[in-house]
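Below: one structure, written as structure tokens.
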Amino acid sequence: MFDHLFSPTSVAVVGASMEERKVGFAVLNNMVECGYPGKIYPVNPKGGEMMGRKVYKSFNDIGGFVDLVVFVIPPIHILQTIRESKKGSFDTAIVISAGFKETGPEGAKIENDLKALCKERGIRVMGPNCLGFIDTVSKVNASFSAGTPVTGNIAFFTQSGALGTAVLDWAIKEKIGMSKFMSLGNKMDMNECDMLEALAEDPDTHVILGYLEGIADGRRFIEVAERVSKKKPIIITKSGSTAAGARAISSHTGTLAGSENAYKAAFAQFGIIRSSSVEELFDLAMAFSYQEVPKGDNMVIVTNAGGPGIIAADAVEKSDVKLSSLTKETIDKLKAVLPPVAALYNPVDIIGDARDDRYRAAVEILEKDPNVDSIMVILTPQSMTNATEIAQAIAATNKTSSKPIFTSFMGGGLVEEGARILNENKVPNYLYPERAVTSIESMISYRKRREVRRVFGQPFEVDKRKAKEIITRNIERKISQIPEADARQMLEAYGFKIPKTLIAESAYDAVYTCDKLGYPVVLKICSPDIIHKSDVGGVKVNLKNADEVRKAYFDIVTSAKKAVPHAQIQGVQISEMYSGGREVILGITKDPTFGPLLMFGMGGVYVEVLKDVSFRIAPITPDEADGMMQEIKMFPLLKGVRGEPGVNLASIREALLRLSQLVCDFPQIVEMDINPLKVFAKGSGEAVAIDSRMTITVE
């Protein structure tokens with residue numbers, strides 16, 4: 001996909017310099033020092049010679065085709081150089097130079113001009129305003145980094161050049177092998193989606209790391225990530241996830257969503273492992289790079305100290321990892337090689353005086369236990385502990401082990417040499433056991449997610465034409481807040497059951513209507529200016545006769561006018577009353593990055609207080625609908641607990657899937673709530689959409 005970036009046979013450095021303080025010197029020096037075997041063309045108007053190579057006064061003086069051009073000259077001169085170059089003389093560029101959109105309107109104009117020019121010429125660009133690019137396999141270091149990491153199987157792309165330098169420094173110091181390093185900068189052209197697609201096909205990359213502050217094309221990103229994550233783990237640190245958009249938020253869903261929840265949902269749903277910190281990014285990188293993913297969830301802990309073993313066991317209990325139950329055969333073998341005071345169950349405490357022979361024997365026995373899927377070895381430095389010899393023993397066992405081994409050599413100087421040996425032998429080592437558990441848990445989650453296939457059900461038969469008429473009518477009238485009657489009709493068109501509902505403009509009409517509809521009833525204020533009706537005393541429920549209805553009408557209207565004096569009161573909405581069951585909320589908000597974001601939680605007036613909700617990006621599968629229900633803390637109430645009957649979960653699943661279909665059919669919907677959706681026990685009838693609100697874009 002990017003052959004001239006990943007494996008160039010020739011590289012031009014436009015802006016090469018012999019002044020060590022300049023970026024042009026660093027880039028040229030890195031290209032030479034990393035042992036690049038292809039042709040290097042330094043370009044500088046002064047000409048002459050640099051680092052044993054002829055310097056060309058202009059790019060055109062090179063003649064012929066150049067695979068990769070690296071620009072380290074001022075932005076305006078980059079435009080000039082490309083305009084003056086022969087068409088087809090290069091098709092891939094890295095623009096390291098700053099001074100583009102990050103500087104303001106003038107820089108943004110130059111960047112737009114550069115983008116248009118490169119598109120016209122068919123030139124793909126990394127940057128601008130970036131650190132550059134490194135490929136350790138092709139021995140390309142077209143960056144101004146302070147050195148080149150050793151060759152390995154980790155690729156890293158970053159939107160932050162500063163963080164990129166930190167990652168490179170860590171990799172060089174710890175001798176962590178990298179295949180590629182890509183600094184995306186302003187992402188004028190090449191972005192994270194391009195990198196994922198290219199790295200998916202890169203035979204030298206086994207693990208993909210990324211740091212992002214924003215995503216250029218959210219829908220494309222999740223489509224690419226879902227596909228790539230089936231082949232290789234994608235681990236991303238995402239920062240800057242604040243509430244997105246400046247528009248007024250009127251729905252519960254809009255209030256609760258925010259871009260952070262959208263990113264959480266998107267990453268989990270489409271197979272991306274999200275690291276919570278840069279430290280965790282490094283931890284996970286080591287785990288996935290060095291070890292195979294555990295085939296099961298069961299882990300055994302080997303330790304020479306009880307306290308750290310308990311800490312590790314506690315961390316396991318709080319995670320999705322499980323402590324292995326050892327077989328009798330394994331316990332008998334351990335009993336034969338360990339001291340009488342050793343703890344033979346999980347954690348296996350081999351006692352503080354353990355040396356390398358005891359560690360080796362215990363690990364080799366445990367590795368053969370069919371109930372063990374992964375092994376964590378803990379070492380604390382005690383007077384008789386030789387961390388170096390123990391590390392050598394573990395490294396040797398790791399080479400023949402069919403199960404991944406992780407270590408936690410706790411301490412400082414006394415374990416430093418042992419930690420170095422483990423790292424050199426591809427055994428992931430962590431300062432604290434909790435970090436090892438987190439890494440193992442991420443690997444297990446990745447295995448499970450990789451096995452998931454998103455299977456969509458057949459779409460529901462709906463009255464799409466009727467729904468379209470409602471949307472079109474409101475757009476033509478420039479009405480963004482859909483009237484409640486229209487929102488109910490939209491839901492009805494998509495197969496939702498709604499209460500019989502009528503509008504009364506006077507107390508007399510209200511009584512007459514209720515007598516026809518039948519008791520008990522619910523009365524709600526009817527006003528386009530009042531969204532949260534219960535907040536203004538605009539709701540009365542379980543009204544059983546004409547006197548209660550007459551009084552409720554006056555109370556509702558009076559309370560609403562007092563609370564919102566300028567509100568347009570259209571009367572009172574009267575609905576049949578549904579008693580019993582549970583109240584849940586369904587909603588969507590249109591996330592600016594990923595599109596429609598579905599929400600589910602316990603409904604009613606407390607949803608914003610409890611915030612017990614779950615999110616998914618639409619469209620969703622039946623399994624994802626089930627996952628939304630199971631994710632909330634109150635799910636046991638829906639399932640049934642302590643003798644209380646559960647509700648018809650299938651009706652909630654269907655409602656979520658119908659809502660998903662609705663918002664995907666009509667991208668004009670930017671916010672919507674169904675609150676509450678009344679759900680009943682199995683066999684007690686369909687779920688009922690009691691109340692709803694909908695906002696569309698009319699532009």
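The way I read the labels, and the way they are meant: chains A, B, ... in the order of the structure tokens, residue 1 as the first residue of every chain, and ligand 1 as the first ligand shown, with later ones counted on from there.
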**OP:** For A:Lys322, list every protein, DNA or RNA residue within 10 Å, evaluated using only C-alpha atoms, and leave out those in the same chain fewer than 3 positions away; present the list as a list in words.
**Re:**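 That gives Gly296, Asp297, Asn298, Met299, Val300, Ala313, Val316, Glu317, Lys318, Ser319, Ser325, Val372, Asp373 and Glu441 of chain A.
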Original post:
Contacts of stretch 132-146 of chain A at 6 Å or less, counting only C-alpha atoms, minus same-chain residues fewer than 4 places along, as number ranges by chain?
Top reply: A: 7, 26-27, 30-31, 34, 36, 96, 151, 179-183
Those same residues, written as a PDB file, in the first residue's frame with N, CA and C atoms?
ATOM      1  N   SER A   7       9.444   0.793   2.077  1.00  0.00           N
ATOM      2  CA  SER A   7      10.634   0.172   1.481  1.00  0.00           C
ATOM      3  C   SER A   7      11.173   1.002   0.318  1.00  0.00           C
ATOM      4  N   ALA A  26      19.778  16.476  11.422  1.00  0.00           N
ATOM      5  CA  ALA A  26      19.353  15.285  12.162  1.00  0.00           C
ATOM      6  C   ALA A  26      18.761  14.234  11.231  1.00  0.00           C
ATOM      7  N   VAL A  27      17.935  14.667  10.280  1.00  0.00           N
ATOM      8  CA  VAL A  27      17.303  13.713   9.371  1.00  0.00           C
ATOM      9  C   VAL A  27      18.354  13.039   8.491  1.00  0.00           C
ATOM     10  N   ASN A  30      20.515  10.698  10.588  1.00  0.00           N
ATOM     11  CA  ASN A  30      19.816   9.466  10.947  1.00  0.00           C
ATOM     12  C   ASN A  30      19.756   8.494   9.773  1.00  0.00           C
ATOM     13  N   MET A  31      19.526   9.018   8.568  1.00  0.00           N
ATOM     14  CA  MET A  31      19.483   8.159   7.383  1.00  0.00           C
ATOM     15  C   MET A  31      20.825   7.468   7.166  1.00  0.00           C
ATOM     16  N   CYS A  34      21.739   4.943  10.361  1.00  0.00           N
ATOM     17  CA  CYS A  34      20.962   3.710  10.521  1.00  0.00           C
ATOM     18  C   CYS A  34      21.336   2.662   9.474  1.00  0.00           C
ATOM     19  N   TYR A  36      21.080   2.908   5.999  1.00  0.00           N
ATOM     20  CA  TYR A  36      20.175   2.799   4.853  1.00  0.00           C
ATOM     21  C   TYR A  36      20.947   2.382   3.607  1.00  0.00           C
ATOM     22  N   ILE A  96       8.102  17.189   7.441  1.00  0.00           N
ATOM     23  CA  ILE A  96       8.456  17.352   8.847  1.00  0.00           C
ATOM     24  C   ILE A  96       8.222  18.792   9.296  1.00  0.00           C
ATOM     25  N   THR A 151      15.478  -3.627  15.724  1.00  0.00           N
ATOM     26  CA  THR A 151      14.430  -4.234  14.909  1.00  0.00           C
ATOM     27  C   THR A 151      13.564  -5.159  15.761  1.00  0.00           C
ATOM     28  N   SER A 179       9.192  -2.341  14.544  1.00  0.00           N
ATOM     29  CA  SER A 179       9.263  -2.507  13.088  1.00  0.00           C
ATOM     30  C   SER A 179       9.146  -1.159  12.394  1.00  0.00           C
ATOM     31  N   LYS A 180       8.177  -0.348  12.863  1.00  0.00           N
ATOM     32  CA  LYS A 180       7.932   0.935  12.237  1.00  0.00           C
ATOM     33  C   LYS A 180       7.542   1.967  13.293  1.00  0.00           C
ATOM     34  N   PHE A 181       7.871   3.226  12.967  1.00  0.00           N
ATOM     35  CA  PHE A 181       7.448   4.367  13.767  1.00  0.00           C
ATOM     36  C   PHE A 181       6.930   5.428  12.816  1.00  0.00           C
ATOM     37  N   MET A 182       5.718   5.935  13.081  1.00  0.00           N
ATOM     38  CA  MET A 182       5.093   6.907  12.181  1.00  0.00           C
ATOM     39  C   MET A 182       4.537   8.069  12.979  1.00  0.00           C
ATOM     40  N   SER A 183       5.016   9.253  12.698  1.00  0.00           N
ATOM     41  CA  SER A 183       4.503  10.463  13.321  1.00  0.00           C
ATOM     42  C   SER A 183       3.538  11.125  12.340  1.00  0.00           C
TER      43      SER A 183
END
Give me, as a compact mmCIF listing (two decimals) with N, CA and C atoms, in the first residue's frame, all polymer residues having an atom no more than 7 Å from stretch 446-458 of chain A, counting only C-alpha atoms and skipping those fewer than 3 positions away in the same chain.
# COMPACT_ATOMS: atom_id res chain seq x y z
N SER A 229 -8.15 -5.86 13.54
CA SER A 229 -8.00 -6.45 14.87
C SER A 229 -8.20 -7.96 14.87
N LYS A 230 -8.81 -8.50 13.83
CA LYS A 230 -8.92 -9.95 13.71
C LYS A 230 -7.56 -10.58 13.40
N GLY A 271 -12.99 -4.04 18.61
CA GLY A 271 -11.78 -4.82 18.80
C GLY A 271 -10.53 -4.05 19.12
N VAL A 293 -0.90 -15.12 22.81
CA VAL A 293 -2.10 -14.88 23.59
C VAL A 293 -2.49 -16.16 24.32
N SER A 442 -5.87 -8.12 29.32
CA SER A 442 -6.06 -7.52 28.00
C SER A 442 -5.86 -8.54 26.89
N MET A 443 -4.89 -9.43 27.07
CA MET A 443 -4.65 -10.47 26.06
C MET A 443 -5.82 -11.44 25.99
N THR A 621 -25.85 -5.53 16.63
CA THR A 621 -26.30 -6.91 16.42
C THR A 621 -27.16 -7.33 17.60
N PRO A 622 -27.90 -8.44 17.48
CA PRO A 622 -28.65 -8.95 18.64
C PRO A 622 -27.75 -9.22 19.84
**OP:** Extract, using only C-alpha atoms, all DNA, RNA and protein residues at most 12 Å from stretch 328-343 of chain A, discarding same-chain residues fewer than 5 positions from it, and format them as a PyMOL selection string.
**Re:** chain A and resi 300-306+309-310+348-355+357-372
**OP:** Extract, using only C-alpha atoms, all DNA, RNA and protein residues at most 6 Å from stretch 607-614 of chain A, discarding same-chain residues fewer than 4 positions from it, and format them as a VMD selection string.
**Re:** chain A and resid 599 to 601 603 628 632
Original post:
Pick the closest to A:Phe288 from A:Ala155, A:Thr380, A:Met190, A:Leu196: which is it, counting only C-alpha atoms?
Top reply: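 Residue with the minimum atom-to-atom distance to A:Phe288: A:Ala155.
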**OP:** Would you kindly return, as a ChimeraX atom specification, each protein, DNA or RNA residue with an atom no farther than 8 Å from any atom of A:Pro381, considering only C-alpha atoms and excluding same-chain residues fewer than 5 positions away?
**Re:** /A:386-387,410-411,414-415
Subject >> alpha helix (DSSP H) positions in stretch 28-116 of chain A, given as a count of residues only >> reply: 28
**OP:** Considering only C-alpha atoms, return as a list of chain:residue names whatever protein or nucleic-acid residues lie within 6 Å of stretch 514-529 of chain A, sequence-local ones (same chain, fewer than 2 positions apart) excluded.
**Re:** A:Val511, A:Tyr512, A:Gly538, A:Val539, A:Lys540, A:Val541, A:Asn542, A:Leu543, A:Lys544, A:Ala567, A:Gln568, A:Ile569, A:Gln570, A:Gly571, A:Val572, A:Gln573, A:Ile574, A:Ser575, A:Glu576, A:Met577
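Taking atom CA of A:Gln269 and atom CA of A:Gly595 as the two end points, the separation is 13.9 Å.
Taking only C-alpha atoms into account, A:Phe267 lies nearest to A:Ile617 out of the set A:Ile617, A:Phe460, A:Lys497, A:Leu662.
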Subject >> atom CA of A:Ser579 to atom CA of A:Leu638, straight-line distance in Å >> reply: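 Between these atoms lies a distance of 16.2 Å.
Proximity ranking of A:Leu597, A:Ile498, A:Ile390, A:Met629 relative to A:Ala265 places A:Leu597 first, based on only C-alpha atoms.
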**OP:** List every residue of stretch 211-405 of chain A that DSSP, applied to the backbone of this structure, assigns to strand (DSSP E), and report them as a list in words.
**Re:**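 Going through stretch 211-405 of chain A, the strand (DSSP E) residues come out as Tyr211, Leu212, Ile234, Ile235, Ile236, Thr237, Lys238, Ile273, Arg274, Asn298, Met299, Val300, Ile301, Val302, Thr303, Lys322, Leu323, Val348, Asp349, Ser374, Ile375, Met376, Val377, Ile378, Leu379 and Ile405 of chain A.
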Quick one: write out the picked residues with C-alpha atoms as a CSV table (one decimal), in the first residue's frame?
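selection.csv, written as the output of this step:
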chain,number,residue,atom,x,y,z
A,211,TYR,CA,-1.6,7.5,20.3
A,212,LEU,CA,-4.5,9.6,19.1
A,234,ILE,CA,-4.4,-2.8,18.0
A,235,ILE,CA,-3.5,-0.9,21.3
A,236,ILE,CA,-4.3,2.8,21.4
A,237,THR,CA,-4.0,5.5,23.9
A,238,LYS,CA,-6.7,8.1,23.3
A,273,ILE,CA,-7.5,-2.4,23.1
A,274,ARG,CA,-7.5,1.0,24.9
A,298,ASN,CA,-6.7,-19.7,33.9
A,299,MET,CA,-3.4,-18.4,35.4
A,300,VAL,CA,-1.1,-19.8,38.1
A,301,ILE,CA,1.0,-17.6,40.3
A,302,VAL,CA,4.5,-18.7,41.5
A,303,THR,CA,6.1,-16.5,44.2
A,322,LYS,CA,-9.1,-16.8,36.7
A,323,LEU,CA,-6.9,-18.6,39.2
A,348,VAL,CA,2.2,-21.5,44.7
A,349,ASP,CA,4.6,-20.1,47.4
A,374,SER,CA,-0.6,-18.8,31.7
A,375,ILE,CA,2.0,-18.4,34.4
A,376,MET,CA,3.1,-15.4,36.4
A,377,VAL,CA,6.4,-15.7,38.3
A,378,ILE,CA,7.0,-13.2,41.1
A,379,LEU,CA,10.4,-12.6,42.7
A,405,ILE,CA,5.1,-16.8,31.0
**OP:** Could you jot down the atom CA of A:Glu461 to atom CA of A:Arg488 separation for me, Å, one decimal place?
**Re:**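 Value for the atom CA of A:Glu461-atom CA of A:Arg488 distance: 17.5 Å.
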Subject >> Proximity to A:Leu657 - best of A:Ala618, A:Val679, A:Val55, A:Ala487, only C-alpha atoms >> reply: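 Among the listed residues, the smallest separation from A:Leu657 belongs to A:Ala618.
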Subject >> A:Ile82, A:Ala285, A:Ala689, A:Leu656 ranked by distance to A:Ile176, top pick (using only C-alpha atoms) >> reply: A:Ala285
Subject >> Among the residues A:Arg121, A:Arg653, A:Lys22, A:Lys115, the one that comes closest to A:Ser85 [using only C-alpha atoms] >> reply: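 Closest to A:Ser85 of all the choices is A:Arg121.
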